[in-house]
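Have a look at the structure below, then the notes.
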Amino acid sequence: MYYVSTRDNHVKMTAAQAIAQGLSRDGGLLTPCEIPKLTEEALGSMVGMSYQQRAVAIMKLFLEEFTTEELESFANRAYERFDDPRVAPIREVDSATQCLELWHGPTSAFKDMALQMLPYLLSASLVKTEEEKTVCILVATSGDTGKAALEGFRDVERTKILVFYPKDGVSSIQGLQMQTQEGENVGVCAVYGNFDDAQTGVKLIFSDEQLRKNLEERGFFLSSANSINWGRVLPQLVYYVSAYCDLLKAGRIKLGEPMNVCVPTGNFGNILAAFYAKEMGVPVGKLICASNNNNVLTDFIRTGVYDRNRTFYTTMSPSMDILVSSNLERLLYTLAGQDDALVKSYMESLNRDGRYEIRGDLKEQLGDLFYAGFCDDAQTQTVIREMWESHGYLIDPHTAVAFDVLQQYRQETGDDRVTLVVSTASPFKFCDSVLGALGVSHFAVGTAILEQLTALTGETAPAPLAGLKNKTVRFNDSVSKSQMTDVVLDMLK
Ligand SMILES: *Cc1c(COP(=O)(O)O)cnc(C)c1O
């Protein structure tokens, strides 16, 4: 199987090349040319497997030039640092509402699911492609990706990692997590502006030919750990397949019976993985796309018009404060039957006018597959409080957005099918919002806020967050968007 650019089908690569390179030179996303199928028997046979074994079975289908032994060793090491042996446990809210907790990794957000795996995939890809240079991973983060990538790549040989985050777009705990990052090959820098500014800055660096040559002479090349890298999306397919197996095992569904999936969405990476799992043959019913006030995807799914020309809101679910959802491009490519010219023209008009409108047949498919809704901050807080009071379940603001949109979906459609609600972060990552939702108005300063949430709820903070108080701040710089190139050059001297 090979990988192609969503903007040019002539660009063809192996999996290792696609993972090593991250993004196609034409700006397109490298995407498998076909989605392998899982039969019902194959699915059923995974019920008795561990998470790691399921990961090997699924990833092998997409990574032909990787051996099973390689993938086994990656999977065993990648999920070692998780605080739950099931890796991605499901918590039952009620029999029709099953919450998939994706935040048991070292940085307490779902990004660990992929970013603990990506360094192994990437290192092996560099060997397979006979790359001699050192890779520098550049990341623009809305908060969680940066920390997860730093933890994944820290002290990985022949890699450097540099993370840019929006100065005022991350929670205090998220900021501290990054500023205290350990490792010899890491760099962290704040950018004035919002996530889109940081992401645009990184995209400009990637397209800067002169900089590329300059870095090559210094023995470096740039790659990405953003969810545009296929090596990020693939490990995310695994937990949808795995969750389906777990629901089968628990007797919550029968083989072949569909589950809905409800995902709090930003860059469209997580929900895209659910779409691909459905394409593979996992019985997935509706894909429910949950947004916060930055509801560009809600409008898109409802109308077929993608329009980023709108107010940007800073919300209490910052990892979804995004106006350009990069991974949507892969969905369009697949829905349009790999029509690269069409995708290219949409992306050109997005760049030029900030908007595009998809063809009628694509709109129809989109409407059949997806439901979309959004939830503002006030309602997010209400959901956090209600979930705590009625179920004793403490959830973070991103997860609360998903629960609210699921509620909207059920009210609108009456569909009461089993739904997998994806929980993307530990509530302890967003203590101030969660405390506020529970009626607290005076917040402890710094890491003491973790203890404040514990005192109120009796829940314990994940160990890596609790350990933050003993760490020293190593990175405190802030730059403007135009200075980001200098930061790269400075790090790769
Ligand atoms: C990244 C993130 C999201 C959004 O995921 P996408 O793949 O960008 O759609 C949602 N919640 C949390 C906590 C995240 O870190």
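We label chains A, B, ... in the order they appear in the structure tokens, count residues from 1 in each chain, and number ligands from 1 in the order shown.
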
For this session: Considering only C-alpha atoms, return as a PyMOL selection string whatever protein or nucleic-acid residues lie within 7 Å of segment 274-289 of chain A, sequence-local ones (same chain, fewer than 2 positions apart) excluded.
Result: chain A and resi 35-39+237+240-241+256-265+270-272+291+369-373

Could those residues be written to a file, using N, CA and C atoms, as an mmCIF file, in the first residue's frame?
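again_36.cif, freshly written:
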data_model
loop_
_atom_site.group_PDB
_atom_site.id
_atom_site.type_symbol
_atom_site.label_atom_id
_atom_site.label_comp_id
_atom_site.auth_asym_id
_atom_site.auth_seq_id
_atom_site.Cartn_x
_atom_site.Cartn_y
_atom_site.Cartn_z
ATOM 1 N N ILE A 35 -8.217 2.136 2.142
ATOM 2 C CA ILE A 35 -8.402 1.817 3.557
ATOM 3 C C ILE A 35 -8.643 0.308 3.665
ATOM 4 N N PRO A 36 -7.719 -0.409 4.306
ATOM 5 C CA PRO A 36 -7.886 -1.860 4.419
ATOM 6 C C PRO A 36 -9.145 -2.210 5.217
ATOM 7 N N LYS A 37 -9.706 -3.373 4.914
ATOM 8 C CA LYS A 37 -10.969 -3.753 5.563
ATOM 9 C C LYS A 37 -10.745 -4.761 6.677
ATOM 10 N N LEU A 38 -11.552 -4.622 7.707
ATOM 11 C CA LEU A 38 -11.592 -5.580 8.806
ATOM 12 C C LEU A 38 -12.904 -6.334 8.706
ATOM 13 N N THR A 39 -12.841 -7.652 8.596
ATOM 14 C CA THR A 39 -14.089 -8.411 8.560
ATOM 15 C C THR A 39 -14.647 -8.539 9.977
ATOM 16 N N LEU A 237 -6.699 5.318 15.266
ATOM 17 C CA LEU A 237 -7.696 4.354 14.767
ATOM 18 C C LEU A 237 -7.850 3.199 15.755
ATOM 19 N N TYR A 240 -10.526 3.178 18.571
ATOM 20 C CA TYR A 240 -11.929 2.987 18.173
ATOM 21 C C TYR A 240 -12.221 1.498 17.951
ATOM 22 N N VAL A 241 -11.299 0.831 17.288
ATOM 23 C CA VAL A 241 -11.472 -0.613 17.102
ATOM 24 C C VAL A 241 -11.479 -1.297 18.463
ATOM 25 N N GLY A 256 -21.513 -6.656 15.090
ATOM 26 C CA GLY A 256 -22.248 -6.142 13.941
ATOM 27 C C GLY A 256 -23.156 -4.968 14.296
ATOM 28 N N GLU A 257 -23.510 -4.857 15.562
ATOM 29 C CA GLU A 257 -24.389 -3.755 15.994
ATOM 30 C C GLU A 257 -23.584 -2.454 16.052
ATOM 31 N N PRO A 258 -24.115 -1.379 15.448
ATOM 32 C CA PRO A 258 -23.316 -0.156 15.436
ATOM 33 C C PRO A 258 -23.299 0.598 16.766
ATOM 34 N N MET A 259 -22.189 1.265 17.016
ATOM 35 C CA MET A 259 -22.121 2.231 18.123
ATOM 36 C C MET A 259 -21.954 3.614 17.495
ATOM 37 N N ASN A 260 -22.610 4.624 18.094
ATOM 38 C CA ASN A 260 -22.311 5.993 17.690
ATOM 39 C C ASN A 260 -21.023 6.414 18.381
ATOM 40 N N VAL A 261 -20.393 7.437 17.819
ATOM 41 C CA VAL A 261 -19.180 7.961 18.432
ATOM 42 C C VAL A 261 -19.330 9.477 18.531
ATOM 43 N N CYS A 262 -19.075 10.013 19.703
ATOM 44 C CA CYS A 262 -19.193 11.459 19.900
ATOM 45 C C CYS A 262 -17.839 12.019 20.333
ATOM 46 N N VAL A 263 -17.288 12.931 19.540
ATOM 47 C CA VAL A 263 -15.900 13.359 19.731
ATOM 48 C C VAL A 263 -15.792 14.881 19.856
ATOM 49 N N PRO A 264 -15.173 15.359 20.942
ATOM 50 C CA PRO A 264 -14.895 16.799 21.025
ATOM 51 C C PRO A 264 -13.782 17.144 20.033
ATOM 52 N N THR A 265 -14.060 18.055 19.119
ATOM 53 C CA THR A 265 -13.222 18.169 17.930
ATOM 54 C C THR A 265 -12.577 19.540 17.778
ATOM 55 N N ASN A 270 -8.937 13.408 15.693
ATOM 56 C CA ASN A 270 -9.524 12.344 16.490
ATOM 57 C C ASN A 270 -10.772 11.773 15.798
ATOM 58 N N ILE A 271 -11.644 12.645 15.365
ATOM 59 C CA ILE A 271 -12.880 12.161 14.738
ATOM 60 C C ILE A 271 -12.590 11.576 13.344
ATOM 61 N N LEU A 272 -11.540 12.068 12.690
ATOM 62 C CA LEU A 272 -11.143 11.471 11.412
ATOM 63 C C LEU A 272 -10.764 10.001 11.608
ATOM 64 N N SER A 291 -18.281 20.744 18.969
ATOM 65 C CA SER A 291 -17.405 21.917 18.964
ATOM 66 C C SER A 291 -17.760 22.833 20.123
ATOM 67 N N LEU A 369 -23.195 10.873 7.293
ATOM 68 C CA LEU A 369 -22.200 10.312 8.208
ATOM 69 C C LEU A 369 -22.156 11.019 9.556
ATOM 70 N N PHE A 370 -22.297 12.358 9.504
ATOM 71 C CA PHE A 370 -22.007 13.159 10.692
ATOM 72 C C PHE A 370 -23.243 13.874 11.228
ATOM 73 N N TYR A 371 -23.200 14.131 12.528
ATOM 74 C CA TYR A 371 -24.079 15.103 13.152
ATOM 75 C C TYR A 371 -23.149 16.113 13.816
ATOM 76 N N ALA A 372 -23.534 17.377 13.835
ATOM 77 C CA ALA A 372 -22.648 18.366 14.444
ATOM 78 C C ALA A 372 -23.422 19.298 15.350
ATOM 79 N N GLY A 373 -22.768 19.671 16.445
ATOM 80 C CA GLY A 373 -23.355 20.645 17.353
ATOM 81 C C GLY A 373 -22.255 21.349 18.124
#

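Considering only C-alpha atoms and all ligand atoms, the residues that reside within 6 Å of ligand 1 can be listed as A:Ala109, A:Phe110, A:Lys111, A:Asp144, A:Pro264, A:Thr265, A:Gly266, A:Asn267, A:Phe268, A:Gly269, A:Asn270, A:Ser319, A:Met320, A:His398, A:Thr424, A:Ala425.
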
Excluding Ile322 of chain A and its own-chain neighbours fewer than 2 positions away, which residues fall within 9 Å of it when counting only C-alpha atoms? Please give them as an mmCIF file with all heavy atoms, in the first residue's frame.
data_model
loop_
_atom_site.group_PDB
_atom_site.id
_atom_site.type_symbol
_atom_site.label_atom_id
_atom_site.label_comp_id
_atom_site.auth_asym_id
_atom_site.auth_seq_id
_atom_site.Cartn_x
_atom_site.Cartn_y
_atom_site.Cartn_z
ATOM 1 N N SER A 142 -2.120 23.846 20.614
ATOM 2 C CA SER A 142 -3.125 24.613 21.343
ATOM 3 C C SER A 142 -3.077 24.191 22.809
ATOM 4 O O SER A 142 -3.961 24.517 23.574
ATOM 5 C CB SER A 142 -4.501 24.372 20.732
ATOM 6 O OG SER A 142 -4.784 22.993 20.712
ATOM 7 N N ASN A 194 -2.983 33.686 18.914
ATOM 8 C CA ASN A 194 -3.770 32.486 19.229
ATOM 9 C C ASN A 194 -3.172 31.262 18.525
ATOM 10 O O ASN A 194 -2.137 31.349 17.864
ATOM 11 C CB ASN A 194 -5.244 32.691 18.870
ATOM 12 C CG ASN A 194 -5.451 32.978 17.394
ATOM 13 O OD1 ASN A 194 -4.770 32.418 16.546
ATOM 14 N ND2 ASN A 194 -6.391 33.858 17.099
ATOM 15 N N PHE A 195 -3.839 30.123 18.644
ATOM 16 C CA PHE A 195 -3.302 28.899 18.059
ATOM 17 C C PHE A 195 -3.110 29.010 16.551
ATOM 18 O O PHE A 195 -2.105 28.546 16.007
ATOM 19 C CB PHE A 195 -4.216 27.702 18.366
ATOM 20 C CG PHE A 195 -3.835 26.466 17.597
ATOM 21 C CD1 PHE A 195 -2.635 25.824 17.849
ATOM 22 C CD2 PHE A 195 -4.659 25.970 16.607
ATOM 23 C CE1 PHE A 195 -2.265 24.694 17.131
ATOM 24 C CE2 PHE A 195 -4.298 24.839 15.880
ATOM 25 C CZ PHE A 195 -3.092 24.203 16.145
ATOM 26 N N ASP A 196 -4.069 29.643 15.889
ATOM 27 C CA ASP A 196 -3.940 29.762 14.432
ATOM 28 C C ASP A 196 -2.683 30.546 14.045
ATOM 29 O O ASP A 196 -2.053 30.254 13.034
ATOM 30 C CB ASP A 196 -5.184 30.401 13.816
ATOM 31 C CG ASP A 196 -6.312 29.377 13.647
ATOM 32 O OD1 ASP A 196 -5.997 28.200 13.389
ATOM 33 O OD2 ASP A 196 -7.478 29.746 13.782
ATOM 34 N N GLY A 266 -11.317 19.527 17.321
ATOM 35 C CA GLY A 266 -10.595 20.757 17.034
ATOM 36 C C GLY A 266 -10.004 20.690 15.644
ATOM 37 O O GLY A 266 -10.548 21.180 14.666
ATOM 38 N N ASN A 267 -8.863 19.992 15.538
ATOM 39 C CA ASN A 267 -8.171 19.889 14.260
ATOM 40 C C ASN A 267 -8.729 18.746 13.399
ATOM 41 O O ASN A 267 -8.217 18.450 12.342
ATOM 42 C CB ASN A 267 -6.679 19.681 14.513
ATOM 43 C CG ASN A 267 -5.826 20.539 13.613
ATOM 44 O OD1 ASN A 267 -6.329 21.244 12.731
ATOM 45 N ND2 ASN A 267 -4.539 20.487 13.807
ATOM 46 N N ASN A 294 -16.175 28.083 18.903
ATOM 47 C CA ASN A 294 -15.516 28.170 17.593
ATOM 48 C C ASN A 294 -16.130 27.081 16.716
ATOM 49 O O ASN A 294 -15.533 26.041 16.461
ATOM 50 C CB ASN A 294 -14.009 27.988 17.764
ATOM 51 C CG ASN A 294 -13.408 29.129 18.563
ATOM 52 O OD1 ASN A 294 -13.452 30.286 18.117
ATOM 53 N ND2 ASN A 294 -12.893 28.833 19.741
ATOM 54 N N ASN A 295 -17.346 27.360 16.252
ATOM 55 C CA ASN A 295 -18.181 26.296 15.688
ATOM 56 C C ASN A 295 -18.133 26.229 14.162
ATOM 57 O O ASN A 295 -19.137 25.955 13.511
ATOM 58 C CB ASN A 295 -19.626 26.462 16.169
ATOM 59 C CG ASN A 295 -20.166 27.844 15.836
ATOM 60 O OD1 ASN A 295 -19.463 28.643 15.218
ATOM 61 N ND2 ASN A 295 -21.387 28.125 16.209
ATOM 62 N N VAL A 296 -16.944 26.447 13.630
ATOM 63 C CA VAL A 296 -16.779 26.415 12.175
ATOM 64 C C VAL A 296 -17.161 25.043 11.601
ATOM 65 O O VAL A 296 -17.746 24.945 10.516
ATOM 66 C CB VAL A 296 -15.338 26.848 11.799
ATOM 67 C CG1 VAL A 296 -14.297 25.905 12.389
ATOM 68 C CG2 VAL A 296 -15.137 26.989 10.320
ATOM 69 N N PHE A 312 -12.801 34.762 16.457
ATOM 70 C CA PHE A 312 -12.125 33.670 17.166
ATOM 71 C C PHE A 312 -12.384 33.841 18.663
ATOM 72 O O PHE A 312 -12.193 34.918 19.211
ATOM 73 C CB PHE A 312 -10.621 33.722 16.888
ATOM 74 C CG PHE A 312 -9.839 32.682 17.632
ATOM 75 C CD1 PHE A 312 -9.664 31.416 17.107
ATOM 76 C CD2 PHE A 312 -9.294 32.966 18.885
ATOM 77 C CE1 PHE A 312 -8.955 30.441 17.806
ATOM 78 C CE2 PHE A 312 -8.591 31.998 19.587
ATOM 79 C CZ PHE A 312 -8.418 30.734 19.041
ATOM 80 N N TYR A 313 -12.846 32.789 19.325
ATOM 81 C CA TYR A 313 -13.100 32.857 20.761
ATOM 82 C C TYR A 313 -12.062 32.069 21.530
ATOM 83 O O TYR A 313 -11.693 30.971 21.133
ATOM 84 C CB TYR A 313 -14.478 32.275 21.097
ATOM 85 C CG TYR A 313 -15.615 33.006 20.438
ATOM 86 C CD1 TYR A 313 -16.239 32.503 19.299
ATOM 87 C CD2 TYR A 313 -16.073 34.213 20.972
ATOM 88 C CE1 TYR A 313 -17.288 33.175 18.695
ATOM 89 C CE2 TYR A 313 -17.125 34.894 20.386
ATOM 90 C CZ TYR A 313 -17.729 34.368 19.235
ATOM 91 O OH TYR A 313 -18.757 35.041 18.653
ATOM 92 N N PRO A 318 -9.573 24.964 25.363
ATOM 93 C CA PRO A 318 -8.632 25.604 24.436
ATOM 94 C C PRO A 318 -8.118 24.687 23.330
ATOM 95 O O PRO A 318 -7.746 25.176 22.262
ATOM 96 C CB PRO A 318 -7.489 26.058 25.342
ATOM 97 C CG PRO A 318 -7.594 25.199 26.558
ATOM 98 C CD PRO A 318 -9.048 24.935 26.747
ATOM 99 N N SER A 319 -8.120 23.379 23.574
ATOM 100 C CA SER A 319 -7.599 22.484 22.536
ATOM 101 C C SER A 319 -8.552 22.371 21.355
ATOM 102 O O SER A 319 -8.244 21.720 20.359
ATOM 103 C CB SER A 319 -7.315 21.104 23.123
ATOM 104 O OG SER A 319 -6.332 21.220 24.119
ATOM 105 N N MET A 320 -9.713 23.015 21.486
ATOM 106 C CA MET A 320 -10.663 23.044 20.371
ATOM 107 C C MET A 320 -10.847 24.465 19.848
ATOM 108 O O MET A 320 -11.749 24.711 19.049
ATOM 109 C CB MET A 320 -12.008 22.475 20.829
ATOM 110 C CG MET A 320 -11.902 21.009 21.220
ATOM 111 S SD MET A 320 -13.107 20.571 22.470
ATOM 112 C CE MET A 320 -14.590 20.638 21.484
ATOM 113 N N VAL A 324 -9.137 26.569 11.587
ATOM 114 C CA VAL A 324 -8.797 25.794 10.393
ATOM 115 C C VAL A 324 -8.483 24.362 10.828
ATOM 116 O O VAL A 324 -7.446 24.109 11.435
ATOM 117 C CB VAL A 324 -7.594 26.405 9.641
ATOM 118 C CG1 VAL A 324 -7.229 25.542 8.449
ATOM 119 C CG2 VAL A 324 -7.925 27.814 9.177
ATOM 120 N N SER A 325 -9.390 23.468 10.548
ATOM 121 C CA SER A 325 -9.234 22.078 10.977
ATOM 122 C C SER A 325 -8.525 21.298 9.882
ATOM 123 O O SER A 325 -9.143 20.828 8.929
ATOM 124 C CB SER A 325 -10.602 21.454 11.258
ATOM 125 O OG SER A 325 -11.249 22.172 12.282
#

Exercise. Can you list, as a PyMOL selection string, every protein, DNA or RNA residue that comes within 12 Å of Lys147 of chain A when you count only C-alpha atoms, leaving out same-chain residues fewer than 2 positions away?
Worked result: chain A and resi 105-112+115-116+139-145+149-154+161-165+170+173-182+186-189+225-226+429+464-465

Taking 4 positions as the minimum chain separation for residues in the same chain, which residues sit within 8 Å of Pro89 of chain A when counting only C-alpha atoms? Answer as a PDB file with all heavy atoms, in the first residue's frame.
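Below you can see out_14.pdb, which holds the result:
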ATOM      1  N   ASP A  84      -3.115   3.007  33.530  1.00  0.00           N
ATOM      2  CA  ASP A  84      -4.167   1.999  33.562  1.00  0.00           C
ATOM      3  C   ASP A  84      -3.761   0.882  32.608  1.00  0.00           C
ATOM      4  O   ASP A  84      -3.432   1.146  31.450  1.00  0.00           O
ATOM      5  CB  ASP A  84      -5.510   2.621  33.107  1.00  0.00           C
ATOM      6  CG  ASP A  84      -6.676   1.674  33.352  1.00  0.00           C
ATOM      7  OD1 ASP A  84      -6.664   0.551  32.786  1.00  0.00           O
ATOM      8  OD2 ASP A  84      -7.598   2.041  34.094  1.00  0.00           O
ATOM      9  N   LEU A 100     -15.081   6.769  26.768  1.00  0.00           N
ATOM     10  CA  LEU A 100     -13.751   6.229  26.473  1.00  0.00           C
ATOM     11  C   LEU A 100     -12.697   7.209  26.985  1.00  0.00           C
ATOM     12  O   LEU A 100     -12.538   8.306  26.435  1.00  0.00           O
ATOM     13  CB  LEU A 100     -13.609   6.029  24.961  1.00  0.00           C
ATOM     14  CG  LEU A 100     -12.253   5.526  24.447  1.00  0.00           C
ATOM     15  CD1 LEU A 100     -11.962   4.112  24.946  1.00  0.00           C
ATOM     16  CD2 LEU A 100     -12.210   5.564  22.922  1.00  0.00           C
ATOM     17  N   GLU A 101     -11.993   6.846  28.030  1.00  0.00           N
ATOM     18  CA  GLU A 101     -11.018   7.745  28.649  1.00  0.00           C
ATOM     19  C   GLU A 101      -9.659   7.611  27.975  1.00  0.00           C
ATOM     20  O   GLU A 101      -8.972   6.604  28.121  1.00  0.00           O
ATOM     21  CB  GLU A 101     -10.890   7.446  30.144  1.00  0.00           C
ATOM     22  CG  GLU A 101     -12.169   7.743  30.906  1.00  0.00           C
ATOM     23  CD  GLU A 101     -12.044   7.526  32.410  1.00  0.00           C
ATOM     24  OE1 GLU A 101     -11.058   6.904  32.849  1.00  0.00           O
ATOM     25  OE2 GLU A 101     -12.945   7.965  33.139  1.00  0.00           O
ATOM     26  N   LEU A 102      -9.272   8.669  27.284  1.00  0.00           N
ATOM     27  CA  LEU A 102      -8.029   8.618  26.506  1.00  0.00           C
ATOM     28  C   LEU A 102      -6.904   9.415  27.165  1.00  0.00           C
ATOM     29  O   LEU A 102      -5.982   9.841  26.490  1.00  0.00           O
ATOM     30  CB  LEU A 102      -8.285   9.153  25.092  1.00  0.00           C
ATOM     31  CG  LEU A 102      -9.295   8.371  24.250  1.00  0.00           C
ATOM     32  CD1 LEU A 102      -9.466   9.021  22.886  1.00  0.00           C
ATOM     33  CD2 LEU A 102      -8.850   6.914  24.101  1.00  0.00           C
TER      34      LEU A 102
END

Once you count only C-alpha atoms, what closest atom pair and distance in Å to one decimal does each residue of segment 72-119 of chain A within 12 Å of segment 54-58 of chain A have, with rows by chain and rising residue number, as a tab-separated table?
residue	atom	partner	partner_atom	distance
A:Glu72	CA	A:Val56	CA	6.0
A:Ser73	CA	A:Val56	CA	9.3
A:Phe74	CA	A:Val56	CA	8.7
A:Ala75	CA	A:Ala55	CA	6.7
A:Asn76	CA	A:Val56	CA	9.6
A:Ala78	CA	A:Ala55	CA	10.5
A:Tyr79	CA	A:Ala55	CA	10.4
A:Arg86	CA	A:Arg54	CA	11.6
A:Val87	CA	A:Ala55	CA	11.1
A:Ala88	CA	A:Ala55	CA	11.8
A:Met113	CA	A:Ala55	CA	10.8
A:Ala114	CA	A:Ala55	CA	11.0
A:Met117	CA	A:Ala55	CA	10.2

Problem set entry | 7 Å contact set for Asp377 of chain A, only C-alpha atoms, chain neighbours under 4 positions out, as a PyMOL selection string | chain A and resi 315-316+381

Any chance you can output those residues with N, CA, C and O atoms as a short mmCIF file (atom, residue, chain, number, x, y, z; two decimals), in the first residue's frame?
data_model
loop_
_atom_site.label_atom_id
_atom_site.label_comp_id
_atom_site.auth_asym_id
_atom_site.auth_seq_id
_atom_site.Cartn_x
_atom_site.Cartn_y
_atom_site.Cartn_z
N THR A 315 -11.79 29.95 24.65
CA THR A 315 -12.78 29.28 25.47
C THR A 315 -12.12 28.48 26.58
O THR A 315 -10.90 28.40 26.66
N MET A 316 -12.94 27.82 27.41
CA MET A 316 -12.38 26.98 28.46
C MET A 316 -12.04 25.58 27.95
O MET A 316 -11.58 24.74 28.72
N GLN A 381 -19.89 24.47 31.67
CA GLN A 381 -19.81 24.43 33.14
C GLN A 381 -21.02 23.72 33.74
O GLN A 381 -20.88 22.94 34.68
#

For this session: Just the alpha helix (DSSP H) stuff from segment 285-461 of chain A, please, per backbone DSSP, written as a PyMOL selection string.
Result: chain A and resi 296-303+328-335+340-353+360-369+377-391+397-413+431-437+448-457

Seminar exercise, completed: Between atom CA of Thr314 of chain A and atom CA of Arg330 of chain A lies a distance of 26.4 Å

Exercise. What's the 7 Å shell around segment 344-359 of chain A, counting only C-alpha atoms, without same-chain residues fewer than 6 positions away, as a PyMOL selection string?
Worked result: chain A and resi 7+304-309

Could you save those same residues with N, CA, C and O atoms as an mmCIF file, in the first residue's frame?
data_model
loop_
_atom_site.group_PDB
_atom_site.id
_atom_site.type_symbol
_atom_site.label_atom_id
_atom_site.label_comp_id
_atom_site.auth_asym_id
_atom_site.auth_seq_id
_atom_site.Cartn_x
_atom_site.Cartn_y
_atom_site.Cartn_z
ATOM 1 N N ARG A 7 -3.506 16.547 -2.486
ATOM 2 C CA ARG A 7 -3.601 17.580 -3.519
ATOM 3 C C ARG A 7 -2.947 17.149 -4.833
ATOM 4 O O ARG A 7 -2.929 17.905 -5.793
ATOM 5 N N GLY A 304 -22.336 22.668 4.452
ATOM 6 C CA GLY A 304 -21.399 22.406 3.362
ATOM 7 C C GLY A 304 -20.515 23.602 3.035
ATOM 8 O O GLY A 304 -19.713 23.559 2.112
ATOM 9 N N VAL A 305 -20.655 24.668 3.814
ATOM 10 C CA VAL A 305 -19.799 25.843 3.603
ATOM 11 C C VAL A 305 -18.795 25.924 4.749
ATOM 12 O O VAL A 305 -19.193 25.978 5.919
ATOM 13 N N TYR A 306 -17.515 25.902 4.384
ATOM 14 C CA TYR A 306 -16.477 26.097 5.394
ATOM 15 C C TYR A 306 -16.061 27.550 5.336
ATOM 16 O O TYR A 306 -15.604 28.028 4.302
ATOM 17 N N ASP A 307 -16.232 28.267 6.438
ATOM 18 C CA ASP A 307 -15.923 29.704 6.420
ATOM 19 C C ASP A 307 -15.195 30.098 7.694
ATOM 20 O O ASP A 307 -15.794 30.169 8.768
ATOM 21 N N ARG A 308 -13.905 30.360 7.531
ATOM 22 C CA ARG A 308 -13.109 30.724 8.704
ATOM 23 C C ARG A 308 -13.171 32.216 9.014
ATOM 24 O O ARG A 308 -12.554 32.688 9.974
ATOM 25 N N ASN A 309 -13.871 32.972 8.191
ATOM 26 C CA ASN A 309 -13.987 34.412 8.430
ATOM 27 C C ASN A 309 -15.022 34.651 9.529
ATOM 28 O O ASN A 309 -16.202 34.845 9.258
#

For this session: Compare A:Leu247, A:Val127, A:Met1, A:Ile301 by their minimum atom-to-atom distance to Thr97 of chain A, counting only C-alpha atoms, and give me the closest one.
Result: A:Leu247

Problem set entry | Nearest residue to Ser125 of chain A from the set A:Asp340, A:Glu65, A:Asp486, A:Glu412 (distances using only C-alpha atoms) | A:Glu65

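Ranking A:Asn476, A:Ser242, A:Thr447, A:Gln21 by their shortest atom-to-atom distance to Leu121 of chain A, with only C-alpha atoms included, puts A:Gln21 first.
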
Exercise. Which of these residues is nearest to Ala20 of chain A, using only C-alpha atoms: A:Ala42, A:Leu63, A:Met49, A:Leu122?
Worked result: A:Leu122
